[in-house]
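Inspection log for the structure reproduced underneath, given as structure tokens.
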Amino acid sequence: MLMKLDRRRFRALRVFFDPGRLRALTRRSEVGLSLAGAVVGIISGLAVTGMSYVSNELHQLVFGIADSERLSSSEIENKMLLLTAPVIGGALLGLLLLVLAKRRKKPMVDPIEANALHGGRLSLTDSIIVAVQNLISNGFGASVGLEAGYTQLAAGLASKFGLKLQLRRSDLRTLVGCGAAGAIAAAFNAPLTGAFYAFELIIGTYTIVSLTPVVVSALVSTLIARLLAGSDFTIDIGSFGSVVPADYIPALLLGAFCAGVGILIMQGVAFVEELARKSSIAPPFRPALGGIIVGLLAMISPQVLSAGHGALHLNLSREVAIPTLIGLFLLKSFASAISIGSGFRGGLFFASLFMGALLGKLFAYCGPYFADATLTPVIYAVVGMSSLAVAVIGGPLTMTFLALEITGDFPITALVLAAVITSSLVVRSTFGYSFATWRFHLRGESIRSAHDVGWIRNLTVDKLMRADIKTARAGISLEEFKQAFPIGSTQRVILVEESDKYAGLVLVPEIYANPTDAQDEGKTLADFIHYRNDFLQPQMNARQAAAIFDKSESEALAVVNNLIERKVIGQLSESYTLRRYSEELDRRRREVSGEI
């Protein structure tokens, strides 16, 4: 009897976990997508916990700190160790880059680019490589955080899971957002922060359909991280009374100030990267040289090492002199710029939080100039932390909810919201990029967010054109042309030269509309050729094709293989191009509104 029950349970589990059934459930219902989000949340929580554990073990092994200590707040007396550790990490990273340069030629895609251009498709192998590079960089003291590795690995696992389920493009993008949401939620013990990080930065928009799976992933990932690690990222702001209207004035000014500093930091990183590219130093050697500079800065203050978790709490909990705050900010910003610019893998997420807190405390010493303000230096630090982070990373609501979840104080959250909106507005109005999209811009990409524009690039001429075309030699006579193409047989004929090179396009009704004695008037077929230099290429997208139709004032154009050979491979009409483009636009609108 027990054997029969066990067999039935096994069959039930096998049916439930059958890939075909899971695929059908996920594709047909929001419940299925939410269950997939929960699975991604579990995976993300495990990935973040595992990476955090490896990073802490590396810090203890390399720098000899205690298990309960944070690297950036540790007292390390061995100056030679502070100097050599980042250099060794840079050398290991350079060796890995040397191996990858021979085996992997394509650039690695991050979650924002994957959702913007590739419909959520991420290489899991590349994501693992990025995570390993991030661990080496952070573990040996480079001034970068692990958040980039967290989101890359979790999003890569989510994308692989979604591809196994054969999800639609929009659902796959949502699942990648679930991975990123779970990663940030687990890293900061902040599910709302993780969810809005996904909406604002990874998915690029908020929809009713994507709400449940993303929030479920963030919640599940947070629970997994709490269960396994039990760490908590909180800031005690103490008692200060209540927020009064006068407090908003310095908060708004701090937000604008942080926006300007954030722009300078992003341009500084780009400047260092440009210097590295223009130098004669090979890419595998750059991280080690960058490690020398980071090590020298760490000899001045170990607080520049790693992401800065310990240093953040250290500077929030005690009084720090103004020269010390200024010096520490300059050291950290320089160390972060050198680390990323020289090739260490990582991001500025937590570094911007740390530097923003330093700016907030510096700004707090301007308190006497705001007589009616009641804010304490710690509150200014929280406001500055969120304002600089939104200037560099983006996501106003993400940083607002982060302030709420790490302080647990709603009035302070309203103050932070005002500051981050100001910071975001200033950056978008004057600079127009976050750190990620600024680097895309430097690479030649035009994307400004994770909003799906990849479908436009995928809607190419070679997918829209007709291959069954009518062609004729450009040298034939009018009489021969009329015999080959009687009236009513076709609308257009593409003319080609003897070498099959495109020569132009002839409208058949136009020829028959002329007098029958056209040859007696001295006219030839060449007199009826249009659009000699107007044609399409297969790699053009629908938007580019529509622009050429508009410029040439043609209803249809030939498609040639390239600009050199110009061999005709098809024909495309303007009406069909615009209809398909409109259909795809309507589909994206319906996805955003939750109809699909």
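Please note that chains go A, B, ... in the order of the structure tokens, that every chain numbers its residues from 1, and that ligands are numbered from 1 in the order shown.
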Which residues come within 12 Å of range 118-121 of chain A, counting only C-alpha atoms, excluding same-chain residues fewer than 6 positions away, as a PyMOL selection string? chain A and resi 108-112+127+155-164+166-180+202-203+450-458
List as a list in words the protein and nucleic acid residues near Leu525 in chain A, meaning an atom at most 10 Å away when only C-alpha atoms are counted, but skip any in the same chain fewer than 6 places from it.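 So the residues in contact are Ala474, Gly475, Ile476, Ser477, Leu478, Glu479, Glu480, Phe481, Leu495, Val506, Ile511 and Gln519 of chain A.
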Using DSSP assignments from the backbone, pull out every residue in range 223-265 of chain A that falls under helix (DSSP H, G or I) and give it to me as an MDAnalysis selection string. chainID A and resid 223:228 245:265
Let me make sure I understand: among A:Val382, A:Ala335, A:Val416, A:Val220, which one has the smallest atom-to-atom distance to Met299 in chain A if we use only C-alpha atoms?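 For Met299 in chain A, the nearest of the given residues is A:Ala335.
Relative to CA of Gly45 in chain A, CA of Ala185 in chain A is found at 8.5 Å.
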Val48 in chain A proximity check over A:Phe535, A:Phe410, A:Phe63, A:Phe188, using only C-alpha atoms: winner is A:Phe188
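For the pair CA of Leu117 in chain A and CA of Leu536 in chain A, the separation is 22.3 Å.
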Have a look at A:Ala148, A:Val54, A:Ala251, A:Leu46 and name the one nearest to Ala186 in chain A; count only C-alpha atoms.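 So, comparing all the options, the nearest one is A:Leu46.
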Step one, run DSSP on the backbone; step two, keep only residues of range 388-580 of chain A assigned to strand (DSSP E); then write them as a ChimeraX atom specification. /A:471-473,492-496,502-507,529-530,556-560,568-573
Using N, CA, C and O atoms, can you export the residues from the last selection as a short mmCIF file (atom, residue, chain, number, x, y, z; two decimals), in the first residue's frame?
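Below you can see again31.cif, which holds the result:
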data_model
loop_
_atom_site.label_atom_id
_atom_site.label_comp_id
_atom_site.auth_asym_id
_atom_site.auth_seq_id
_atom_site.Cartn_x
_atom_site.Cartn_y
_atom_site.Cartn_z
N THR A 471 12.31 40.91 -62.92
CA THR A 471 13.51 41.63 -63.35
C THR A 471 13.65 41.56 -64.86
O THR A 471 13.10 40.67 -65.52
N ALA A 472 14.39 42.53 -65.39
CA ALA A 472 14.69 42.56 -66.83
C ALA A 472 16.04 43.22 -67.03
O ALA A 472 16.52 43.97 -66.17
N ARG A 473 16.65 42.92 -68.18
CA ARG A 473 17.93 43.54 -68.49
C ARG A 473 17.71 45.00 -68.88
O ARG A 473 16.76 45.34 -69.58
N ARG A 492 5.57 46.73 -61.23
CA ARG A 492 6.94 47.23 -61.29
C ARG A 492 7.88 46.14 -61.78
O ARG A 492 7.69 44.96 -61.48
N VAL A 493 8.90 46.58 -62.48
CA VAL A 493 9.95 45.68 -62.95
C VAL A 493 11.29 46.29 -62.56
O VAL A 493 11.54 47.48 -62.81
N ILE A 494 12.15 45.47 -61.96
CA ILE A 494 13.48 45.93 -61.55
C ILE A 494 14.46 45.63 -62.67
O ILE A 494 14.55 44.49 -63.15
N LEU A 495 15.19 46.65 -63.09
CA LEU A 495 16.16 46.49 -64.16
C LEU A 495 17.55 46.21 -63.58
O LEU A 495 17.95 46.83 -62.59
N VAL A 496 18.24 45.27 -64.23
CA VAL A 496 19.60 44.92 -63.80
C VAL A 496 20.52 44.96 -65.01
O VAL A 496 20.09 44.77 -66.15
N TYR A 502 22.13 46.24 -59.83
CA TYR A 502 20.88 47.01 -59.87
C TYR A 502 21.05 48.26 -60.72
O TYR A 502 22.02 49.01 -60.58
N ALA A 503 20.07 48.49 -61.63
CA ALA A 503 20.13 49.64 -62.53
C ALA A 503 18.99 50.62 -62.33
O ALA A 503 19.09 51.78 -62.74
N GLY A 504 17.91 50.19 -61.74
CA GLY A 504 16.77 51.08 -61.52
C GLY A 504 15.47 50.32 -61.51
O GLY A 504 15.43 49.08 -61.57
N LEU A 505 14.38 51.07 -61.47
CA LEU A 505 13.05 50.46 -61.35
C LEU A 505 12.13 51.13 -62.38
O LEU A 505 12.16 52.36 -62.57
N VAL A 506 11.32 50.31 -63.07
CA VAL A 506 10.41 50.80 -64.11
C VAL A 506 8.98 50.52 -63.70
O VAL A 506 8.66 49.41 -63.23
N LEU A 507 8.10 51.53 -63.84
CA LEU A 507 6.68 51.36 -63.58
C LEU A 507 5.99 50.96 -64.87
O LEU A 507 5.97 51.74 -65.84
N ILE A 529 13.28 54.83 -66.46
CA ILE A 529 13.91 54.27 -65.25
C ILE A 529 13.83 55.28 -64.11
O ILE A 529 14.16 56.46 -64.28
N HIS A 530 13.40 54.82 -62.93
CA HIS A 530 13.33 55.63 -61.72
C HIS A 530 14.23 55.02 -60.64
O HIS A 530 14.60 53.85 -60.70
N ALA A 556 7.43 51.73 -53.61
CA ALA A 556 8.16 50.48 -53.45
C ALA A 556 9.59 50.67 -53.93
O ALA A 556 9.86 51.49 -54.82
N LEU A 557 10.53 49.91 -53.34
CA LEU A 557 11.93 50.00 -53.71
C LEU A 557 12.54 48.61 -53.77
O LEU A 557 12.06 47.67 -53.12
N ALA A 558 13.60 48.50 -54.56
CA ALA A 558 14.33 47.24 -54.63
C ALA A 558 15.21 47.07 -53.41
O ALA A 558 15.62 48.05 -52.77
N VAL A 559 15.55 45.84 -53.08
CA VAL A 559 16.45 45.51 -51.99
C VAL A 559 17.70 44.87 -52.60
O VAL A 559 17.59 43.88 -53.33
N VAL A 560 18.87 45.46 -52.31
CA VAL A 560 20.12 44.93 -52.85
C VAL A 560 20.96 44.36 -51.71
O VAL A 560 20.80 44.74 -50.55
N VAL A 568 20.26 42.45 -56.76
CA VAL A 568 18.87 42.53 -56.30
C VAL A 568 18.47 41.22 -55.65
O VAL A 568 18.63 40.14 -56.24
N ILE A 569 17.95 41.32 -54.42
CA ILE A 569 17.51 40.11 -53.71
C ILE A 569 16.03 40.17 -53.33
O ILE A 569 15.48 39.20 -52.82
N GLY A 570 15.38 41.32 -53.56
CA GLY A 570 13.96 41.40 -53.20
C GLY A 570 13.40 42.78 -53.46
O GLY A 570 14.05 43.66 -54.03
N GLN A 571 12.14 42.94 -53.03
CA GLN A 571 11.43 44.21 -53.20
C GLN A 571 10.53 44.42 -51.99
O GLN A 571 10.00 43.48 -51.42
N LEU A 572 10.40 45.69 -51.58
CA LEU A 572 9.58 46.01 -50.41
C LEU A 572 8.74 47.25 -50.71
O LEU A 572 9.24 48.22 -51.29
N SER A 573 7.47 47.20 -50.29
CA SER A 573 6.57 48.34 -50.49
C SER A 573 6.45 49.16 -49.22
O SER A 573 6.60 48.64 -48.10
#
Figure out the distance between CA of Thr490 in chain A and CA of Lys470 in chain A, please, to one decimal in Å.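 Between CA of Lys470 in chain A and CA of Thr490 in chain A the gap works out to 7.9 Å.
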Using only C-alpha atoms, which residue out of A:Ile184, A:Val62, A:Ile76, A:Leu253 lies closest to Ile136 in chain A? A:Val62
